[in-house]
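File shown here: model11.json, holding JSON, C-alpha atoms.
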```json
[["chain", "number", "residue", "atom", "x", "y", "z"],
["A", 88, "MET", "CA", 9.63, 91.63, 1.80],
["A", 89, "LEU", "CA", 13.21, 92.70, 2.44],
["A", 90, "ILE", "CA", 13.53, 96.10, 0.73],
["A", 91, "ASP", "CA", 10.81, 98.43, -0.51],
["A", 92, "THR", "CA", 11.32, 101.37, -2.88],
["A", 93, "ALA", "CA", 8.89, 103.75, -4.57],
["A", 94, "ARG", "CA", 8.26, 101.35, -7.47],
["A", 95, "LEU", "CA", 9.91, 98.08, -6.49],
["A", 96, "ARG", "CA", 9.79, 95.30, -3.94],
["A", 97, "LEU", "CA", 13.05, 93.41, -3.40],
["A", 98, "ARG", "CA", 12.21, 90.10, -1.80],
["A", 99, "ARG", "CA", 13.10, 86.45, -1.61],
["A", 100, "PHE", "CA", 12.43, 84.34, -4.66],
["A", 101, "GLN", "CA", 9.29, 82.20, -4.61],
["A", 102, "SER", "CA", 7.99, 79.35, -6.76],
["A", 103, "ALA", "CA", 5.65, 81.66, -8.71],
["A", 104, "ASP", "CA", 8.79, 83.38, -10.08],
["A", 105, "ILE", "CA", 10.06, 80.30, -11.92],
["A", 106, "PRO", "CA", 8.51, 81.00, -15.39],
["A", 107, "ALA", "CA", 9.55, 84.68, -15.48],
["A", 108, "PHE", "CA", 13.00, 83.87, -14.09],
["A", 109, "ALA", "CA", 13.55, 81.15, -16.72],
["A", 110, "ALA", "CA", 12.32, 83.51, -19.45],
["A", 111, "TYR", "CA", 14.67, 86.43, -18.78],
["A", 112, "ARG", "CA", 17.63, 84.18, -17.95],
["A", 113, "SER", "CA", 17.04, 82.41, -21.31],
["A", 114, "ASP", "CA", 16.93, 85.62, -23.34],
["A", 115, "PRO", "CA", 20.19, 85.73, -25.36],
["A", 116, "GLU", "CA", 20.34, 89.55, -25.01],
["A", 117, "VAL", "CA", 20.07, 89.35, -21.21],
["A", 118, "ALA", "CA", 22.45, 86.39, -20.88],
["A", 119, "ARG", "CA", 24.96, 87.78, -23.39],
["A", 120, "TYR", "CA", 27.24, 89.41, -20.80],
["A", 121, "GLN", "CA", 26.51, 87.06, -17.91],
["A", 122, "GLU", "CA", 28.40, 83.94, -16.89],
["A", 123, "TRP", "CA", 25.40, 81.60, -16.77],
["A", 124, "ASP", "CA", 24.48, 79.09, -19.45],
["A", 125, "PHE", "CA", 21.29, 79.61, -21.41],
["A", 126, "PRO", "CA", 18.62, 78.74, -22.21],
["A", 127, "LEU", "CA", 17.52, 77.98, -18.66],
["A", 128, "SER", "CA", 14.95, 75.19, -18.42],
["A", 129, "LEU", "CA", 12.00, 75.47, -16.07],
["A", 130, "GLU", "CA", 13.42, 72.56, -14.09],
["A", 131, "SER", "CA", 16.80, 74.27, -13.64],
["A", 132, "ALA", "CA", 15.09, 77.58, -12.88],
["A", 133, "GLY", "CA", 13.07, 75.84, -10.17],
["A", 134, "LEU", "CA", 16.21, 74.44, -8.58],
["A", 135, "LEU", "CA", 17.86, 77.86, -8.57],
["A", 136, "VAL", "CA", 14.76, 79.63, -7.22],
["A", 137, "ARG", "CA", 14.45, 77.15, -4.37],
["A", 138, "ARG", "CA", 18.14, 77.56, -3.53],
["A", 139, "TYR", "CA", 17.92, 81.35, -3.67],
["A", 140, "ALA", "CA", 14.87, 81.31, -1.37],
["A", 141, "ARG", "CA", 16.85, 79.47, 1.32],
["A", 142, "ASN", "CA", 19.94, 81.72, 1.31],
["A", 143, "ASP", "CA", 20.54, 84.23, 4.11],
["A", 144, "PRO", "CA", 20.83, 87.88, 3.02],
["A", 145, "ALA", "CA", 22.90, 88.68, 6.13],
["A", 146, "GLY", "CA", 25.35, 85.80, 5.78],
["A", 147, "PRO", "CA", 28.49, 85.40, 3.69],
["A", 148, "GLY", "CA", 28.09, 84.13, 0.15],
["A", 149, "TRP", "CA", 25.60, 84.94, -2.58],
["A", 150, "PHE", "CA", 22.07, 86.14, -1.97],
["A", 151, "GLN", "CA", 19.71, 86.91, -4.85],
["A", 152, "TYR", "CA", 17.00, 89.53, -4.36],
["A", 153, "ALA", "CA", 14.00, 89.01, -6.61],
["A", 154, "VAL", "CA", 13.02, 92.41, -8.03],
["A", 155, "GLU", "CA", 9.26, 92.79, -8.36],
["A", 156, "LEU", "CA", 7.44, 95.73, -9.89],
["A", 157, "LYS", "CA", 4.78, 96.86, -7.41],
["A", 158, "ALA", "CA", 2.45, 98.13, -10.14],
["A", 159, "ASP", "CA", 1.86, 94.70, -11.65],
["A", 160, "GLY", "CA", 3.45, 92.24, -9.19],
["A", 161, "CYS", "CA", 5.70, 90.81, -11.92],
["A", 162, "LEU", "CA", 9.26, 89.64, -11.44],
["A", 163, "LEU", "CA", 11.42, 91.86, -13.62],
["A", 164, "GLY", "CA", 14.91, 90.81, -12.56],
["A", 165, "ASP", "CA", 17.30, 90.21, -9.70],
["A", 166, "VAL", "CA", 20.09, 91.83, -7.73],
["A", 167, "ALA", "CA", 22.82, 89.56, -6.38],
["A", 168, "VAL", "CA", 24.94, 90.28, -3.32],
["A", 169, "ASN", "CA", 28.04, 88.30, -2.44],
["A", 170, "GLY", "CA", 28.82, 89.08, 1.21],
["A", 171, "GLN", "CA", 32.43, 88.42, 2.17],
["A", 172, "PRO", "CA", 33.34, 86.68, 5.44],
["A", 173, "GLY", "CA", 34.02, 89.31, 8.09],
["A", 174, "GLY", "CA", 31.29, 91.59, 6.76],
["A", 175, "GLY", "CA", 33.49, 94.45, 5.54],
["A", 176, "GLU", "CA", 33.05, 93.95, 1.81],
["A", 177, "ALA", "CA", 30.46, 92.75, -0.69],
["A", 178, "GLU", "CA", 30.05, 92.37, -4.43],
["A", 179, "VAL", "CA", 26.86, 93.21, -6.34],
["A", 180, "GLY", "CA", 25.46, 92.17, -9.70],
["A", 181, "PHE", "CA", 22.14, 92.62, -11.47],
["A", 182, "SER", "CA", 20.00, 91.29, -14.32],
["A", 183, "LEU", "CA", 16.76, 92.63, -15.74],
["A", 184, "ALA", "CA", 14.30, 91.28, -18.26],
["A", 185, "ARG", "CA", 14.92, 92.97, -21.60],
["A", 186, "ASP", "CA", 11.45, 94.53, -21.81],
["A", 187, "ARG", "CA", 11.98, 96.11, -18.36],
["A", 188, "GLN", "CA", 15.33, 97.71, -19.17],
["A", 189, "GLY", "CA", 15.66, 101.44, -19.77],
["A", 190, "HIS", "CA", 13.13, 102.52, -17.12],
["A", 191, "GLY", "CA", 15.52, 103.09, -14.21],
["A", 192, "TYR", "CA", 14.49, 99.91, -12.37],
["A", 193, "ALA", "CA", 18.03, 98.50, -12.14],
["A", 194, "THR", "CA", 19.37, 101.82, -10.82],
["A", 195, "GLU", "CA", 16.58, 101.99, -8.24],
["A", 196, "ALA", "CA", 17.07, 98.38, -7.14],
["A", 197, "VAL", "CA", 20.88, 98.55, -6.89],
["A", 198, "ARG", "CA", 20.75, 101.86, -5.00],
["A", 199, "ALA", "CA", 18.27, 100.35, -2.52],
["A", 200, "VAL", "CA", 20.53, 97.34, -1.97],
["A", 201, "LEU", "CA", 23.57, 99.59, -1.52],
["A", 202, "HIS", "CA", 21.66, 101.65, 1.06],
["A", 203, "GLU", "CA", 20.98, 98.46, 3.02],
["A", 204, "LEU", "CA", 24.54, 97.14, 2.66],
["A", 205, "PHE", "CA", 26.27, 100.33, 3.72],
["A", 206, "GLY", "CA", 23.81, 100.61, 6.60],
["A", 207, "THR", "CA", 25.37, 97.45, 8.06],
["A", 208, "GLY", "CA", 28.85, 99.00, 8.23],
["A", 209, "LEU", "CA", 30.39, 97.75, 5.00],
["A", 210, "ARG", "CA", 33.63, 99.46, 3.95],
["A", 211, "THR", "CA", 33.33, 98.86, 0.21],
["A", 212, "VAL", "CA", 31.12, 97.27, -2.43],
["A", 213, "SER", "CA", 32.55, 96.02, -5.72],
["A", 214, "ALA", "CA", 31.03, 95.10, -9.07],
["A", 215, "GLU", "CA", 32.30, 93.74, -12.35],
["A", 216, "CYS", "CA", 30.93, 93.76, -15.85],
["A", 217, "ASP", "CA", 31.92, 92.64, -19.31],
["A", 218, "VAL", "CA", 33.63, 95.51, -21.16],
["A", 219, "ARG", "CA", 31.13, 95.10, -24.00],
["A", 220, "ASN", "CA", 28.25, 95.82, -21.60],
["A", 221, "GLN", "CA", 28.51, 99.58, -21.64],
["A", 222, "ARG", "CA", 24.95, 100.11, -20.35],
["A", 223, "SER", "CA", 25.81, 98.29, -17.11],
["A", 224, "ALA", "CA", 29.13, 100.12, -16.79],
["A", 225, "ARG", "CA", 27.34, 103.48, -17.18],
["A", 226, "LEU", "CA", 24.76, 102.44, -14.57],
["A", 227, "LEU", "CA", 27.51, 101.58, -12.07],
["A", 228, "GLU", "CA", 29.25, 104.89, -12.71],
["A", 229, "ARG", "CA", 25.96, 106.82, -12.39],
["A", 230, "ILE", "CA", 25.42, 105.26, -8.97],
["A", 231, "GLY", "CA", 28.93, 106.28, -7.90],
["A", 232, "PHE", "CA", 31.12, 103.25, -8.58],
["A", 233, "GLU", "CA", 34.65, 104.00, -9.75],
["A", 234, "PHE", "CA", 36.51, 102.01, -12.40],
["A", 235, "ARG", "CA", 39.45, 100.18, -10.77],
["A", 236, "SER", "CA", 40.91, 97.70, -13.24],
["A", 237, "GLN", "CA", 40.33, 95.34, -16.12],
["A", 238, "ARG", "CA", 41.16, 91.65, -16.44],
["A", 239, "THR", "CA", 40.74, 88.94, -19.05],
["A", 240, "VAL", "CA", 38.73, 85.81, -18.20],
["A", 241, "PHE", "CA", 37.49, 82.72, -20.00],
["A", 242, "VAL", "CA", 33.72, 82.26, -19.69],
["A", 243, "ARG", "CA", 33.31, 78.49, -19.77],
["A", 244, "GLY", "CA", 29.59, 78.34, -20.53],
["A", 245, "LYS", "CA", 29.98, 80.65, -23.49],
["A", 246, "ARG", "CA", 33.39, 79.28, -24.52],
["A", 247, "GLU", "CA", 34.85, 82.73, -25.07],
["A", 248, "TRP", "CA", 37.46, 85.07, -23.71],
["A", 249, "THR", "CA", 36.37, 88.50, -22.57],
["A", 250, "ASP", "CA", 37.61, 91.40, -20.51],
["A", 251, "LEU", "CA", 35.90, 92.32, -17.26],
["A", 252, "GLN", "CA", 35.89, 95.80, -15.81],
["A", 253, "MET", "CA", 36.21, 95.97, -12.04],
["A", 254, "PHE", "CA", 34.45, 98.75, -10.13],
["A", 255, "SER", "CA", 34.31, 99.71, -6.45],
["A", 256, "LEU", "CA", 32.33, 102.05, -4.25],
["A", 257, "PRO", "CA", 33.85, 102.95, -0.87],
["A", 258, "ALA", "CA", 31.58, 103.72, 2.09],
["A", 259, "GLU", "CA", 32.84, 107.31, 2.37],
["A", 260, "LYS", "CA", 31.81, 108.10, -1.20],
["A", 261, "TRP", "CA", 28.44, 106.38, -0.73],
["A", 262, "GLU", "CA", 27.72, 108.46, 2.38],
["A", 263, "ASP", "CA", 28.23, 111.65, 0.36],
["A", 264, "LEU", "CA", 26.10, 110.36, -2.54],
["A", 265, "ASP", "CA", 23.33, 108.99, -0.31],
["A", 266, "LYS", "CA", 22.92, 112.37, 1.44],
["A", 267, "GLY", "CA", 22.46, 114.21, -1.86]]
```

So that I can check it, write out the structure of this file as structure tokens.
Amino acid sequence: MLIDTARLRLRRFQSADIPAFAAYRSDPEVARYQEWDFPLSLESAGLLVRRYARNDPAGPGWFQYAVELKADGCLLGDVAVNGQPGGGEAEVGFSLARDRQGHGYATEAVRAVLHELFGTGLRTVSAECDVRNQRSARLLERIGFEFRSQRTVFVRGKREWTDLQMFSLPAEKWEDLDKG
């Protein structure tokens, strides 16, 4: 286990996660605002899970936390962290199974990851989300992220243009929020 909260366990992915991971990553409502292709086959999910399990949460590059609900031991989603070389900045992202949304799990998981990240001396954490994904934008703002800019991108897997909102959370603001 890497991070423990009141209701959640954020840990490395394991092979038992493959069916649940493939299921929520294949859900059109979950994948709608994400850059990945769907549906996700069990074979492809297995390759991703094995890769995620090998990644280093302290190193540069992407690390995916598997988010498990303690009450039932089920995988309900993931939180991704992209650590930048030099260690001063990181980017976060998150996905949750549709039937687990609306219960505060994503907020709890992202806050726990931010607590860990800022505890290592990070200066800022950024996030981006599709402008149509207002629930994720509201979650980021609730946590303390500030809207910074908007840009247009082409999502190859979905063959569509969309606008992304860019958010950031500086360490100074997090320190004030984390105390309260």

Query - Glu116 in chain A environment, 10 Å, all atoms listed in the file, sequence neighbours closer than 4 positions dropped, as a PyMOL selection string - result: chain A and resi 111-112+120-121+184-185

Query raised in the report: Hey, what's within 6 Å of Glu178 in chain A if we count all atoms listed in the file and toss same-chain stuff fewer than 5 positions away? As a PyMOL selection string, please?
Result: chain A and resi 168-169+212-214

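Considering all atoms listed in the file, the residue among A:Glu228, A:Arg238, A:Leu97, A:Lys266 positioned nearest to Gly160 in chain A is A:Leu97.
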
Query raised in the report: Hey, what's within 7 Å of Asp165 in chain A if we count all atoms listed in the file and toss same-chain stuff fewer than 4 positions away? As a VMD selection string, please?
Result: chain A and resid 151 to 154 181 to 183

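Each of A:Trp248, A:Lys260, A:Ile230, A:Asp143 was compared to Ala196 in chain A using all atoms listed in the file, and A:Ile230 turns out to be the nearest.
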
Query - Within 8 Å of Pro126 in chain A using all atoms listed in the file, minus same-chain residues under 6 positions, as JSON, numbers by chain - result: {"A": [109, 112, 113, 114, 115]}

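If you count only C-alpha atoms and ignore residues fewer than 3 places along the chain from Asn142 in chain A, what sits within 12 Å of it is Arg98, Arg99, Phe100, Leu135, Val136, Arg137, Arg138, Tyr139, Ala145, Gly146, Pro147, Gly148, Trp149, Phe150, Gln151, Tyr152, Ala167, Val168, Asn169 and Gly170 of chain A.
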
Residues just named, written with C-alpha atoms as a PDB file, in the coordinates of the input:
```
ATOM      1  CA  ARG A  98      12.210  90.100  -1.800  1.00  0.00           C
ATOM      2  CA  ARG A  99      13.100  86.450  -1.610  1.00  0.00           C
ATOM      3  CA  PHE A 100      12.430  84.340  -4.660  1.00  0.00           C
ATOM      4  CA  LEU A 135      17.860  77.860  -8.570  1.00  0.00           C
ATOM      5  CA  VAL A 136      14.760  79.630  -7.220  1.00  0.00           C
ATOM      6  CA  ARG A 137      14.450  77.150  -4.370  1.00  0.00           C
ATOM      7  CA  ARG A 138      18.140  77.560  -3.530  1.00  0.00           C
ATOM      8  CA  TYR A 139      17.920  81.350  -3.670  1.00  0.00           C
ATOM      9  CA  ALA A 145      22.900  88.680   6.130  1.00  0.00           C
ATOM     10  CA  GLY A 146      25.350  85.800   5.780  1.00  0.00           C
ATOM     11  CA  PRO A 147      28.490  85.400   3.690  1.00  0.00           C
ATOM     12  CA  GLY A 148      28.090  84.130   0.150  1.00  0.00           C
ATOM     13  CA  TRP A 149      25.600  84.940  -2.580  1.00  0.00           C
ATOM     14  CA  PHE A 150      22.070  86.140  -1.970  1.00  0.00           C
ATOM     15  CA  GLN A 151      19.710  86.910  -4.850  1.00  0.00           C
ATOM     16  CA  TYR A 152      17.000  89.530  -4.360  1.00  0.00           C
ATOM     17  CA  ALA A 167      22.820  89.560  -6.380  1.00  0.00           C
ATOM     18  CA  VAL A 168      24.940  90.280  -3.320  1.00  0.00           C
ATOM     19  CA  ASN A 169      28.040  88.300  -2.440  1.00  0.00           C
ATOM     20  CA  GLY A 170      28.820  89.080   1.210  1.00  0.00           C
TER      21      GLY A 170
END
```

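One distance worth recording is that between CA of Arg229 in chain A and CA of Gly175 in chain A, which is 23.0 Å.
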
Requested in this report: Go ahead and compute the interatomic distance for CA of Pro257 in chain A and CA of Arg210 in chain A, in Å to one decimal.
Outcome: 6.0 Å

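Restricting the calculation to all atoms listed in the file, the smallest distance between Leu95 in chain A and any of A:Gln171, A:Ser131, A:Thr194, A:Ser236 is found for A:Thr194.
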
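The space separating CA of Leu227 in chain A from CA of Asp250 in chain A comes to 16.6 Å.
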
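With distances restricted to all atoms listed in the file, A:Val218 is the closest residue to Val240 in chain A from A:Ala110, A:Val218, A:Ala258, A:Cys161.
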
Report task. Would you kindly identify which residues have an atom no farther than 10 Å from (38.3, 99.8, -13.7), using only C-alpha atoms and the file's own coordinates, and write them out as an MDAnalysis selection string? Result -> chainID A and resid 214:216 218 224 232:238 251:255

Write to file, as a tab-separated table (two decimals), keeping the file's coordinate frame, the residues of the selection just made, with C-alpha atoms.
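Resulting contents of out.tsv:
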```tsv
chain	number	residue	atom	x	y	z
A	214	ALA	CA	31.03	95.10	-9.07
A	215	GLU	CA	32.30	93.74	-12.35
A	216	CYS	CA	30.93	93.76	-15.85
A	218	VAL	CA	33.63	95.51	-21.16
A	224	ALA	CA	29.13	100.12	-16.79
A	232	PHE	CA	31.12	103.25	-8.58
A	233	GLU	CA	34.65	104.00	-9.75
A	234	PHE	CA	36.51	102.01	-12.40
A	235	ARG	CA	39.45	100.18	-10.77
A	236	SER	CA	40.91	97.70	-13.24
A	237	GLN	CA	40.33	95.34	-16.12
A	238	ARG	CA	41.16	91.65	-16.44
A	251	LEU	CA	35.90	92.32	-17.26
A	252	GLN	CA	35.89	95.80	-15.81
A	253	MET	CA	36.21	95.97	-12.04
A	254	PHE	CA	34.45	98.75	-10.13
A	255	SER	CA	34.31	99.71	-6.45
```

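Take the candidates A:Arg187, A:Gln221, A:Leu163, A:Leu256 and check each one against Leu209 in chain A using all atoms listed in the file; the shortest distance goes to A:Leu256.
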
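Closest to Val200 in chain A among A:Arg222, A:Arg119, A:Arg246, A:Arg96 is A:Arg96, based on only C-alpha atoms.
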
Completion step: range 95-127 of chain A with N, CA and C atoms as a PDB file, keeping the file's coordinate frame:
```pdb
ATOM      1  N   LEU A  95       9.470  99.475  -6.496  1.00  0.00           N
ATOM      2  CA  LEU A  95       9.910  98.080  -6.490  1.00  0.00           C
ATOM      3  C   LEU A  95       9.817  97.436  -5.115  1.00  0.00           C
ATOM      4  N   ARG A  96       9.715  96.130  -5.147  1.00  0.00           N
ATOM      5  CA  ARG A  96       9.790  95.300  -3.940  1.00  0.00           C
ATOM      6  C   ARG A  96      10.930  94.315  -4.186  1.00  0.00           C
ATOM      7  N   LEU A  97      11.937  94.352  -3.320  1.00  0.00           N
ATOM      8  CA  LEU A  97      13.050  93.410  -3.400  1.00  0.00           C
ATOM      9  C   LEU A  97      12.828  92.383  -2.313  1.00  0.00           C
ATOM     10  N   ARG A  98      12.652  91.144  -2.715  1.00  0.00           N
ATOM     11  CA  ARG A  98      12.210  90.100  -1.800  1.00  0.00           C
ATOM     12  C   ARG A  98      12.912  88.797  -2.117  1.00  0.00           C
ATOM     13  N   ARG A  99      12.602  87.800  -1.324  1.00  0.00           N
ATOM     14  CA  ARG A  99      13.100  86.450  -1.610  1.00  0.00           C
ATOM     15  C   ARG A  99      12.382  85.912  -2.852  1.00  0.00           C
ATOM     16  N   PHE A 100      13.076  85.034  -3.549  1.00  0.00           N
ATOM     17  CA  PHE A 100      12.430  84.340  -4.660  1.00  0.00           C
ATOM     18  C   PHE A 100      11.365  83.400  -4.133  1.00  0.00           C
ATOM     19  N   GLN A 101      10.355  83.152  -4.953  1.00  0.00           N
ATOM     20  CA  GLN A 101       9.290  82.200  -4.610  1.00  0.00           C
ATOM     21  C   GLN A 101       8.938  81.379  -5.852  1.00  0.00           C
ATOM     22  N   SER A 102       8.245  80.277  -5.645  1.00  0.00           N
ATOM     23  CA  SER A 102       7.990  79.350  -6.760  1.00  0.00           C
ATOM     24  C   SER A 102       7.224  80.000  -7.909  1.00  0.00           C
ATOM     25  N   ALA A 103       6.388  80.983  -7.642  1.00  0.00           N
ATOM     26  CA  ALA A 103       5.650  81.660  -8.710  1.00  0.00           C
ATOM     27  C   ALA A 103       6.584  82.416  -9.665  1.00  0.00           C
ATOM     28  N   ASP A 104       7.828  82.656  -9.252  1.00  0.00           N
ATOM     29  CA  ASP A 104       8.790  83.380 -10.080  1.00  0.00           C
ATOM     30  C   ASP A 104       9.447  82.521 -11.157  1.00  0.00           C
ATOM     31  N   ILE A 105       9.310  81.214 -11.048  1.00  0.00           N
ATOM     32  CA  ILE A 105      10.060  80.300 -11.920  1.00  0.00           C
ATOM     33  C   ILE A 105       9.871  80.607 -13.412  1.00  0.00           C
ATOM     34  N   PRO A 106       8.639  80.745 -13.939  1.00  0.00           N
ATOM     35  CA  PRO A 106       8.510  81.000 -15.390  1.00  0.00           C
ATOM     36  C   PRO A 106       9.162  82.311 -15.838  1.00  0.00           C
ATOM     37  N   ALA A 107       8.952  83.393 -15.100  1.00  0.00           N
ATOM     38  CA  ALA A 107       9.550  84.680 -15.480  1.00  0.00           C
ATOM     39  C   ALA A 107      11.066  84.640 -15.355  1.00  0.00           C
ATOM     40  N   PHE A 108      11.558  83.995 -14.300  1.00  0.00           N
ATOM     41  CA  PHE A 108      13.000  83.870 -14.090  1.00  0.00           C
ATOM     42  C   PHE A 108      13.636  83.091 -15.246  1.00  0.00           C
ATOM     43  N   ALA A 109      13.031  81.954 -15.606  1.00  0.00           N
ATOM     44  CA  ALA A 109      13.550  81.150 -16.720  1.00  0.00           C
ATOM     45  C   ALA A 109      13.506  81.947 -18.018  1.00  0.00           C
ATOM     46  N   ALA A 110      12.465  82.745 -18.208  1.00  0.00           N
ATOM     47  CA  ALA A 110      12.320  83.510 -19.450  1.00  0.00           C
ATOM     48  C   ALA A 110      13.421  84.560 -19.606  1.00  0.00           C
ATOM     49  N   TYR A 111      13.651  85.392 -18.574  1.00  0.00           N
ATOM     50  CA  TYR A 111      14.670  86.430 -18.780  1.00  0.00           C
ATOM     51  C   TYR A 111      16.078  85.862 -18.720  1.00  0.00           C
ATOM     52  N   ARG A 112      16.293  84.794 -17.964  1.00  0.00           N
ATOM     53  CA  ARG A 112      17.630  84.180 -17.950  1.00  0.00           C
ATOM     54  C   ARG A 112      17.912  83.416 -19.238  1.00  0.00           C
ATOM     55  N   SER A 113      16.878  83.110 -20.023  1.00  0.00           N
ATOM     56  CA  SER A 113      17.040  82.410 -21.310  1.00  0.00           C
ATOM     57  C   SER A 113      17.155  83.365 -22.484  1.00  0.00           C
ATOM     58  N   ASP A 114      16.865  84.626 -22.270  1.00  0.00           N
ATOM     59  CA  ASP A 114      16.930  85.620 -23.340  1.00  0.00           C
ATOM     60  C   ASP A 114      18.407  85.846 -23.709  1.00  0.00           C
ATOM     61  N   PRO A 115      18.782  85.576 -24.959  1.00  0.00           N
ATOM     62  CA  PRO A 115      20.190  85.730 -25.360  1.00  0.00           C
ATOM     63  C   PRO A 115      20.731  87.147 -25.123  1.00  0.00           C
ATOM     64  N   GLU A 116      19.883  88.173 -25.242  1.00  0.00           N
ATOM     65  CA  GLU A 116      20.340  89.550 -25.010  1.00  0.00           C
ATOM     66  C   GLU A 116      20.605  89.825 -23.536  1.00  0.00           C
ATOM     67  N   VAL A 117      19.847  89.179 -22.640  1.00  0.00           N
ATOM     68  CA  VAL A 117      20.070  89.350 -21.210  1.00  0.00           C
ATOM     69  C   VAL A 117      21.277  88.513 -20.770  1.00  0.00           C
ATOM     70  N   ALA A 118      21.379  87.311 -21.285  1.00  0.00           N
ATOM     71  CA  ALA A 118      22.450  86.390 -20.880  1.00  0.00           C
ATOM     72  C   ALA A 118      23.789  86.702 -21.551  1.00  0.00           C
ATOM     73  N   ARG A 119      23.764  87.533 -22.571  1.00  0.00           N
ATOM     74  CA  ARG A 119      24.960  87.780 -23.390  1.00  0.00           C
ATOM     75  C   ARG A 119      26.202  88.119 -22.568  1.00  0.00           C
ATOM     76  N   TYR A 120      26.084  88.965 -21.569  1.00  0.00           N
ATOM     77  CA  TYR A 120      27.240  89.410 -20.800  1.00  0.00           C
ATOM     78  C   TYR A 120      27.324  88.754 -19.425  1.00  0.00           C
ATOM     79  N   GLN A 121      26.526  87.751 -19.192  1.00  0.00           N
ATOM     80  CA  GLN A 121      26.510  87.060 -17.910  1.00  0.00           C
ATOM     81  C   GLN A 121      27.285  85.751 -18.020  1.00  0.00           C
ATOM     82  N   GLU A 122      27.617  85.178 -16.881  1.00  0.00           N
ATOM     83  CA  GLU A 122      28.400  83.940 -16.890  1.00  0.00           C
ATOM     84  C   GLU A 122      27.546  82.682 -16.944  1.00  0.00           C
ATOM     85  N   TRP A 123      26.231  82.794 -16.793  1.00  0.00           N
ATOM     86  CA  TRP A 123      25.400  81.600 -16.770  1.00  0.00           C
ATOM     87  C   TRP A 123      25.161  81.051 -18.172  1.00  0.00           C
ATOM     88  N   ASP A 124      24.857  79.746 -18.207  1.00  0.00           N
ATOM     89  CA  ASP A 124      24.480  79.090 -19.450  1.00  0.00           C
ATOM     90  C   ASP A 124      23.021  79.387 -19.750  1.00  0.00           C
ATOM     91  N   PHE A 125      22.681  79.431 -21.017  1.00  0.00           N
ATOM     92  CA  PHE A 125      21.290  79.610 -21.410  1.00  0.00           C
ATOM     93  C   PHE A 125      21.040  78.766 -22.644  1.00  0.00           C
ATOM     94  N   PRO A 126      19.828  78.404 -22.942  1.00  0.00           N
ATOM     95  CA  PRO A 126      18.620  78.740 -22.210  1.00  0.00           C
ATOM     96  C   PRO A 126      18.545  78.008 -20.866  1.00  0.00           C
ATOM     97  N   LEU A 127      17.728  78.551 -19.986  1.00  0.00           N
ATOM     98  CA  LEU A 127      17.520  77.980 -18.660  1.00  0.00           C
ATOM     99  C   LEU A 127      16.173  77.267 -18.642  1.00  0.00           C
TER     100      LEU A 127
END
```
